[in-house]
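Q: Next up is a structure, given as structure tokens.
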Amino acid sequence: MADQTLQTLYVSELRDLYSSEQQLVKALPKIVKAVESEELSDAIANHLEETKNQVSRLEQIFESLGETPKGKKCVGMQGILDEGSEVIDDFEGSVLDAGVISAAQRVEHYEIAAYGSVCAYAELLQRSEDLGLLKETLEEEKNADEKLTQLSETINQDALQSSSKRDSDLGRQQAKRETSRSRKTRTAA
């Protein structure tokens, strides 16, 4: 087996995070364009800029370690982003926005867990400069999650009202068809 040390695990986890952040830098612009809510679009666009800074912080850490950030694909993040892409393909309007928030919070929770772990490793390995950079990113991820929670309060309500209106409209259309059918049946008799 390869060299199995906490340092090796730390570098491996950092590579995983680097891959995650790179995937997000590519995915977030599509999401910004897809959502209906301007507030949600702005929040995602702001987080895209934070994500670019997070990539830079990780590159600083790799440089200080004398390691390369490349070489690992984060399949966990890829799966989460694939699911989020399905939401964009399958829904629209405020329901899409509610689904995007749900998918984005999965991303944030994944990142919070991962950054929490590498912070613990950095502390144990006495990598204080790394720890400062990683904690900064961890706080940004927590703040992004909180912002999404705040946005969900109104967006989920909008999605409910949109769904209720659509269901009501469908019910009226169904009632009209049934009334029309019963008139035709009475005239035929």
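We label chains A, B, ... in the order they appear in the structure tokens, count residues from 1 in each chain, and number ligands from 1 in the order shown.
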Taking only residues of stretch 138-158 of chain A that have an atom at most 7 Å from an atom of stretch 101-108 of chain A, what is each one's shortest atom pair and its distance in Å to one decimal, using only C-alpha atoms, in chain and number order, as CSV?

A:
residue,atom,partner,partner_atom,distance
A:Glu141,CA,A:Glu108,CA,5.9
A:Asp145,CA,A:Gln105,CA,5.9
A:Leu148,CA,A:Ile101,CA,6.2
A:Ser152,CA,A:Ile101,CA,6.7

Q: Produce a file of the selected residues containing N, CA and C atoms, as a short mmCIF file (atom, residue, chain, number, x, y, z; two decimals), in the first residue's frame.

A:
data_model
loop_
_atom_site.label_atom_id
_atom_site.label_comp_id
_atom_site.auth_asym_id
_atom_site.auth_seq_id
_atom_site.Cartn_x
_atom_site.Cartn_y
_atom_site.Cartn_z
N GLU A 141 -18.64 28.77 3.29
CA GLU A 141 -19.59 27.71 2.95
C GLU A 141 -20.78 27.72 3.91
N ASP A 145 -24.72 28.49 2.92
CA ASP A 145 -25.82 27.61 3.32
C ASP A 145 -26.90 28.41 4.05
N LEU A 148 -28.88 30.49 1.61
CA LEU A 148 -29.83 29.64 0.88
C LEU A 148 -31.05 29.32 1.75
N SER A 152 -34.83 30.32 0.84
CA SER A 152 -35.82 29.25 0.70
C SER A 152 -37.15 29.60 1.36
#

Q: Contacts of A:Gly99 at 9 Å or less, counting only C-alpha atoms, minus same-chain residues fewer than 4 places along, as a PDB file with C-alpha atoms, in the first residue's frame?

A:
ATOM      1  CA  GLY A  84     -28.838  19.365  -9.605  1.00  0.00           C
ATOM      2  CA  VAL A  87     -33.649  19.655 -11.408  1.00  0.00           C
ATOM      3  CA  ILE A  88     -32.809  22.287 -14.017  1.00  0.00           C
ATOM      4  CA  PHE A  91     -38.624  22.001 -13.476  1.00  0.00           C
ATOM      5  CA  SER A  94     -40.278  29.123  -8.667  1.00  0.00           C
ATOM      6  CA  VAL A  95     -40.423  25.322  -8.361  1.00  0.00           C
ATOM      7  CA  ALA A 103     -29.417  20.962  -4.656  1.00  0.00           C
ATOM      8  CA  ALA A 104     -27.172  23.893  -3.699  1.00  0.00           C
ATOM      9  CA  ASN A 156     -40.488  27.692  -1.304  1.00  0.00           C
TER      10      ASN A 156
END

Q: Just want the 12 Å neighbourhood of A:Ala144, counted on only C-alpha atoms, with same-chain residues fewer than 5 positions away dropped. Output as JSON, numbers by chain.

A: {"A": [40, 42, 43, 44, 45, 46, 47, 48, 49, 50, 51, 101, 104, 105, 106, 107, 108, 109, 111, 112, 137, 138, 139, 149, 150, 151]}

Q: The selected residues should be written to file as an mmCIF file, in the first residue's frame (atoms: C-alpha atoms).

A:
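Saved result, out03.cif, follows:
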data_model
loop_
_atom_site.group_PDB
_atom_site.id
_atom_site.type_symbol
_atom_site.label_atom_id
_atom_site.label_comp_id
_atom_site.auth_asym_id
_atom_site.auth_seq_id
_atom_site.Cartn_x
_atom_site.Cartn_y
_atom_site.Cartn_z
ATOM 1 C CA LEU A 40 -31.175 33.637 -5.828
ATOM 2 C CA ASP A 42 -27.295 37.096 -7.268
ATOM 3 C CA ALA A 43 -26.531 34.821 -4.315
ATOM 4 C CA ILE A 44 -25.240 32.078 -6.627
ATOM 5 C CA ALA A 45 -23.223 34.572 -8.685
ATOM 6 C CA ASN A 46 -21.654 35.936 -5.479
ATOM 7 C CA HIS A 47 -20.826 32.418 -4.347
ATOM 8 C CA LEU A 48 -19.222 31.753 -7.732
ATOM 9 C CA GLU A 49 -16.772 34.573 -6.999
ATOM 10 C CA GLU A 50 -16.141 33.157 -3.530
ATOM 11 C CA THR A 51 -15.565 29.739 -5.094
ATOM 12 C CA ILE A 101 -31.817 25.710 -3.424
ATOM 13 C CA ALA A 104 -27.172 23.893 -3.699
ATOM 14 C CA GLN A 105 -27.585 23.092 -0.014
ATOM 15 C CA ARG A 106 -26.466 19.515 -0.696
ATOM 16 C CA VAL A 107 -23.338 21.007 -2.249
ATOM 17 C CA GLU A 108 -22.776 23.272 0.747
ATOM 18 C CA HIS A 109 -23.265 20.477 3.273
ATOM 19 C CA GLU A 111 -18.267 21.084 1.361
ATOM 20 C CA ILE A 112 -18.840 21.936 5.025
ATOM 21 C CA THR A 137 -13.452 28.902 3.249
ATOM 22 C CA LEU A 138 -15.405 26.853 5.792
ATOM 23 C CA GLU A 139 -17.053 30.038 7.084
ATOM 24 C CA THR A 149 -31.938 28.802 3.940
ATOM 25 C CA GLN A 150 -33.093 32.430 4.153
ATOM 26 C CA LEU A 151 -33.938 32.537 0.447
#

Q: List the spatial neighbours of A:Gln7 as an mmCIF file with C-alpha atoms, in the first residue's frame - criterion: any atom at most 8 Å away, only C-alpha atoms, same-chain residues fewer than 4 positions off excluded.

A:
data_model
loop_
_atom_site.group_PDB
_atom_site.id
_atom_site.type_symbol
_atom_site.label_atom_id
_atom_site.label_comp_id
_atom_site.auth_asym_id
_atom_site.auth_seq_id
_atom_site.Cartn_x
_atom_site.Cartn_y
_atom_site.Cartn_z
ATOM 1 C CA VAL A 11 -3.220 16.033 0.565
ATOM 2 C CA TYR A 121 -6.094 17.525 9.795
ATOM 3 C CA LEU A 125 -0.376 18.516 11.328
#

Q: I'd like the contact shell of A:Gln126 - 12 Å cut-off, only C-alpha atoms, skipping same-chain residues fewer than 5 positions apart - returned as a VMD selection string.

A: chain A and resid 6 to 7 10 118 to 121 131 to 132

Q: Please list as a list in words every residue within 8 Å of stretch 14-29 of chain A, counting only C-alpha atoms and excluding residues in the same chain fewer than 5 positions away.

A: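 So the residues in contact are Ile44, Ala45, Leu48, Thr51, Lys52, Gln54, Val55, Leu58, Pro69, Lys70, Gly71, Lys72, Lys73, Cys74, Met77, Gln78, Leu81, Glu111, Ala114, Tyr115 and Val118 of chain A.
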
Q: Have a look at atom CA of A:Val35 and atom CA of A:Asp97 and let me know their distance in Å, one decimal.

A: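 Result for atom CA of A:Val35 versus atom CA of A:Asp97: 5.6 Å, one decimal.
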
Q: Just the number, please: distance in Å from atom CA of A:Lys147 to atom CA of A:Ile61, one decimal.

A: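 Taking atom CA of A:Lys147 as the start and atom CA of A:Ile61 as the end point, the length is 27.3 Å.
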